[in-house]
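Asker: Supplied structure: target_6.csv, CSV, C-alpha atoms.
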chain,number,residue,atom,x,y,z
S,7,MET,CA,-4.4,-12.8,-13.4
S,8,GLN,CA,-4.5,-14.0,-9.9
S,9,ILE,CA,-5.0,-12.0,-6.7
S,10,ARG,CA,-3.6,-13.8,-3.7
S,11,PRO,CA,-1.7,-13.3,-0.4
S,12,ALA,CA,2.0,-12.8,-0.8
S,13,ARG,CA,4.1,-16.0,-0.2
S,14,ASN,CA,7.7,-16.9,0.3
S,15,ASP,CA,8.6,-17.3,-3.3
S,16,ASP,CA,7.4,-13.7,-4.0
S,17,GLN,CA,10.1,-12.1,-1.8
S,18,GLU,CA,12.5,-10.9,-4.5
S,19,SER,CA,9.8,-9.6,-6.8
S,20,LEU,CA,7.8,-8.0,-4.0
S,21,ALA,CA,11.0,-6.3,-2.7
S,22,HIS,CA,11.6,-4.9,-6.2
S,23,LEU,CA,8.0,-3.6,-6.4
S,24,LEU,CA,8.3,-2.0,-2.9
S,25,GLU,CA,11.4,-0.2,-4.1
S,26,GLU,CA,9.7,0.9,-7.3
S,27,HIS,CA,6.8,2.2,-5.2
S,28,GLU,CA,9.1,4.3,-3.0
S,29,HIS,CA,10.8,5.8,-6.1
S,30,HIS,CA,7.4,6.5,-7.6
S,31,TYR,CA,6.6,8.7,-4.6
S,32,GLY,CA,10.0,10.4,-4.7
S,33,ASN,CA,11.6,8.5,-1.8
S,34,PRO,CA,15.2,7.6,-2.6
S,35,VAL,CA,15.8,4.1,-1.4
S,36,PRO,CA,18.9,2.1,-2.3
S,37,HIS,CA,18.7,-1.1,-4.2
S,38,GLY,CA,18.0,-3.9,-1.8
S,39,ALA,CA,16.1,-1.8,0.7
S,40,GLY,CA,12.8,-3.5,-0.1
S,41,ALA,CA,14.0,-7.0,1.0
S,42,PRO,CA,13.4,-6.5,4.8
S,43,ALA,CA,9.9,-5.0,4.0
S,44,ALA,CA,9.0,-7.9,1.7
S,45,SER,CA,10.1,-10.4,4.3
S,46,PHE,CA,7.9,-8.6,6.9
S,47,LEU,CA,4.9,-8.6,4.6
S,48,ILE,CA,5.3,-12.3,3.7
S,49,SER,CA,5.6,-13.4,7.4
S,50,PRO,CA,3.9,-10.7,9.5
S,51,PRO,CA,3.3,-11.0,13.2
S,52,HIS,CA,-0.2,-12.2,14.3
S,53,GLY,CA,-2.7,-9.5,13.7
S,54,GLY,CA,-0.3,-7.6,11.4
S,55,PRO,CA,-0.6,-6.4,7.8
S,56,VAL,CA,-2.0,-8.5,4.9
S,57,CYS,CA,-0.3,-8.2,1.6
S,58,LEU,CA,-2.2,-9.2,-1.5
S,59,VAL,CA,-0.3,-9.4,-4.8
S,60,ALA,CA,-1.5,-9.4,-8.4
S,61,GLU,CA,0.3,-12.1,-10.4
S,62,GLN,CA,0.2,-13.0,-14.0
S,63,ASP,CA,2.4,-15.6,-15.8
S,64,GLY,CA,4.6,-15.8,-12.7
S,65,ARG,CA,5.3,-12.1,-12.6
S,66,LEU,CA,4.0,-9.7,-9.8
S,67,LEU,CA,2.2,-6.7,-11.3
S,68,GLY,CA,1.1,-5.0,-8.1
S,69,PHE,CA,0.3,-5.2,-4.4
S,70,ALA,CA,-2.2,-4.0,-1.8
S,71,ILE,CA,-1.1,-3.7,1.9
S,72,LEU,CA,-3.9,-3.7,4.4
S,73,ASN,CA,-3.8,-3.3,8.2
S,74,PRO,CA,-6.6,-4.5,10.5
S,75,TYR,CA,-8.2,-1.9,12.7
S,76,PHE,CA,-10.6,-1.8,15.6
S,77,PRO,CA,-13.1,-0.4,16.3
S,78,GLY,CA,-15.2,0.2,13.2
S,79,PRO,CA,-18.9,1.1,13.2
S,80,ASN,CA,-20.8,-0.7,15.9
S,81,LEU,CA,-17.6,-2.0,17.4
S,82,SER,CA,-16.8,-4.0,14.2
S,83,HIS,CA,-13.4,-4.8,12.7
S,84,GLY,CA,-12.2,-3.1,9.6
S,85,LEU,CA,-9.2,-2.9,7.2
S,86,PHE,CA,-7.1,0.1,6.4
S,87,LEU,CA,-5.7,0.0,2.9
S,88,LYS,CA,-2.2,1.5,3.5
S,89,GLU,CA,-0.9,1.1,-0.1
S,90,LEU,CA,-2.2,0.0,-3.4
S,91,TYR,CA,0.5,0.0,-6.1
S,92,VAL,CA,0.6,-1.2,-9.7
S,93,ALA,CA,3.9,-1.5,-11.5
S,94,ALA,CA,4.5,1.2,-14.1
S,95,HIS,CA,4.5,-1.3,-17.0
S,96,ALA,CA,1.1,-2.8,-15.9
S,97,ARG,CA,-1.0,0.3,-15.4
S,98,SER,CA,-4.3,0.6,-17.3
S,99,ASP,CA,-4.4,-3.2,-17.7
S,100,GLY,CA,-7.0,-3.8,-15.1
S,101,VAL,CA,-4.6,-4.7,-12.3
S,102,GLY,CA,-5.8,-2.0,-9.9
S,103,GLU,CA,-9.4,-3.1,-10.4
S,104,ARG,CA,-8.5,-6.7,-9.7
S,105,LEU,CA,-6.7,-5.8,-6.6
S,106,ILE,CA,-9.8,-3.8,-5.4
S,107,GLU,CA,-11.9,-6.9,-6.1
S,108,GLY,CA,-9.4,-9.0,-4.1
S,109,ILE,CA,-9.6,-6.5,-1.2
S,110,ARG,CA,-13.4,-6.7,-1.3
S,111,GLU,CA,-13.3,-10.5,-1.2
S,112,LEU,CA,-10.8,-10.5,1.7
S,113,ALA,CA,-13.0,-8.1,3.6
S,114,ARG,CA,-16.0,-10.3,3.1
S,115,GLU,CA,-14.1,-13.4,4.2
S,116,ARG,CA,-12.9,-11.7,7.4
S,117,GLY,CA,-16.4,-10.2,8.1
S,118,VAL,CA,-15.1,-6.7,8.3
S,119,SER,CA,-17.5,-3.8,8.2
S,120,ARG,CA,-15.5,-1.5,5.9
S,121,VAL,CA,-12.2,-0.8,4.2
S,122,ILE,CA,-10.9,2.7,4.5
S,123,TRP,CA,-7.9,4.5,2.9
S,124,THR,CA,-6.5,7.9,2.0
S,125,THR,CA,-4.9,9.3,-1.1
S,126,GLY,CA,-2.8,12.4,-1.5
S,127,GLU,CA,-4.8,15.6,-2.1
S,128,HIS,CA,-3.1,16.1,-5.4
S,129,ASN,CA,-3.0,12.5,-6.5
S,130,ASP,CA,-5.6,13.1,-9.2
S,131,GLY,CA,-4.9,9.8,-11.0
S,132,ALA,CA,-5.7,7.7,-7.9
S,133,GLN,CA,-8.8,9.8,-7.1
S,134,ARG,CA,-10.1,9.3,-10.7
S,135,PHE,CA,-9.5,5.6,-10.3
S,136,TYR,CA,-11.4,5.3,-7.0
S,137,ASP,CA,-14.2,7.6,-8.2
S,138,ARG,CA,-14.6,5.5,-11.4
S,139,LEU,CA,-15.0,2.4,-9.3
S,140,GLY,CA,-17.8,4.1,-7.3
S,141,MET,CA,-15.9,4.4,-4.0
S,142,ARG,CA,-17.5,6.8,-1.5
S,143,ARG,CA,-15.5,9.9,-0.4
S,144,GLU,CA,-15.8,11.1,3.1
S,145,LYS,CA,-14.6,14.5,4.4
S,146,LYS,CA,-11.9,13.9,7.0
S,147,VAL,CA,-8.9,15.7,8.2
S,148,TYR,CA,-5.7,13.6,8.1
S,149,TYR,CA,-3.1,14.0,10.9
S,150,VAL,CA,0.4,12.8,11.1
S,151,MET,CA,2.6,12.6,14.2
S,152,ASP,CA,6.4,12.2,13.8
S,153,PRO,CA,7.6,11.0,17.1
Go through the file and emit its structure as structure tokens.
Answerer:
Amino acid sequence: MQIRPARNDDQESLAHLLEEHEHHYGNPVPHGAGAPAASFLISPPHGGPVCLVAEQDGRLLGFAILNPYFPGPNLSHGLFLKELYVAAHARSDGVGERLIEGIRELARERGVSRVIWTTGEHNDGAQRFYDRLGMRREKKVYYVMDP
């Protein structure tokens, strides 16, 4: 299995995974809705998101979408893990762990101080996954503004 940045030839598969992700969280998106998002992730603006994909035998099994942020501790740079998703058929096969390893490697390459993320309060599966990997929990209050 290879963890790498998304590239042009991933567009169709990535679009499908993005749609699957939305359906997984109960967001009804029509077939084809993932294409513009995949295009954006493959060719983001300077300073925009980074999309890592997990590929095995020419097939995408999952993705991680990270956004740079500033400031982190001591005015350092950081990454915010917006989404980590593994295709339903590939869960429990080590894909999530490999994506986390890829994120850690990307963070080291970029010299960022930390990677942060959230998960739903009732997303027990994700919380067990992150706890099993030894990730540190912090008590925070999460706010959302709908403009």
Asker: For range 124-140 of chain S, find every residue with an atom within 12 Å (counting only C-alpha atoms), except residues of its own chain fewer than 6 positions away, and show them as a PyMOL selection string.
Answerer: chain S and resi 31+86-92+97-98+100-107+146-149
Asker: Report, in Å to a single decimal, how far apart CA of Val118 in chain S and CA of Tyr75 in chain S are.
Answerer: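 Answer for the CA of Tyr75 in chain S to CA of Val118 in chain S separation: 9.5 Å.
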Asker: For each of S:Ala21, S:Ala39, S:Ala93, S:Met141, take the minimum atom-to-atom distance to Leu67 in chain S, counting only C-alpha atoms, then give the residue where this is smallest.
Answerer: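 For Leu67 in chain S, the nearest of the given residues is S:Ala93.
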Asker: To one decimal in Å, tell me the separation between CA of Leu66 in chain S and CA of Leu20 in chain S.
Answerer: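 The value is 7.1 Å.
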Asker: Find, counting all atoms listed in the file, the residue in S:Pro153, S:Pro74, S:Pro11, S:Gly108 that gets nearest to Ser49 in chain S.
Answerer: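 The answer is S:Pro11, which sits nearest to Ser49 in chain S.
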Asker: Select, counting all atoms listed in the file, all protein, DNA and RNA residues no farther than 12 Å from (-11.2, -3.9, 8.5) in file coordinates, and express the selection as number ranges by chain.
Answerer: S: 53-56, 72-79, 81-88, 109-123
Asker: Please report the interatomic distance between CA of Ala94 in chain S and CA of Arg65 in chain S in Å with one decimal.
Answerer: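 Result for CA of Ala94 in chain S versus CA of Arg65 in chain S: 13.4 Å, one decimal.
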Asker: Counting all atoms listed in the file, which residue out of S:Pro34, S:Ala96, S:Ile9, S:Ser19 sits closest to Ala70 in chain S?
Answerer: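 The shortest atom-to-atom distance to Ala70 in chain S comes from S:Ile9.
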Asker: Restricting the calculation to all atoms listed in the file: of S:Ala41, S:Leu23, S:Val59, S:Ile71, which residue gets closest to His95 in chain S?
Answerer: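 So, comparing all the options, the nearest one is S:Leu23.
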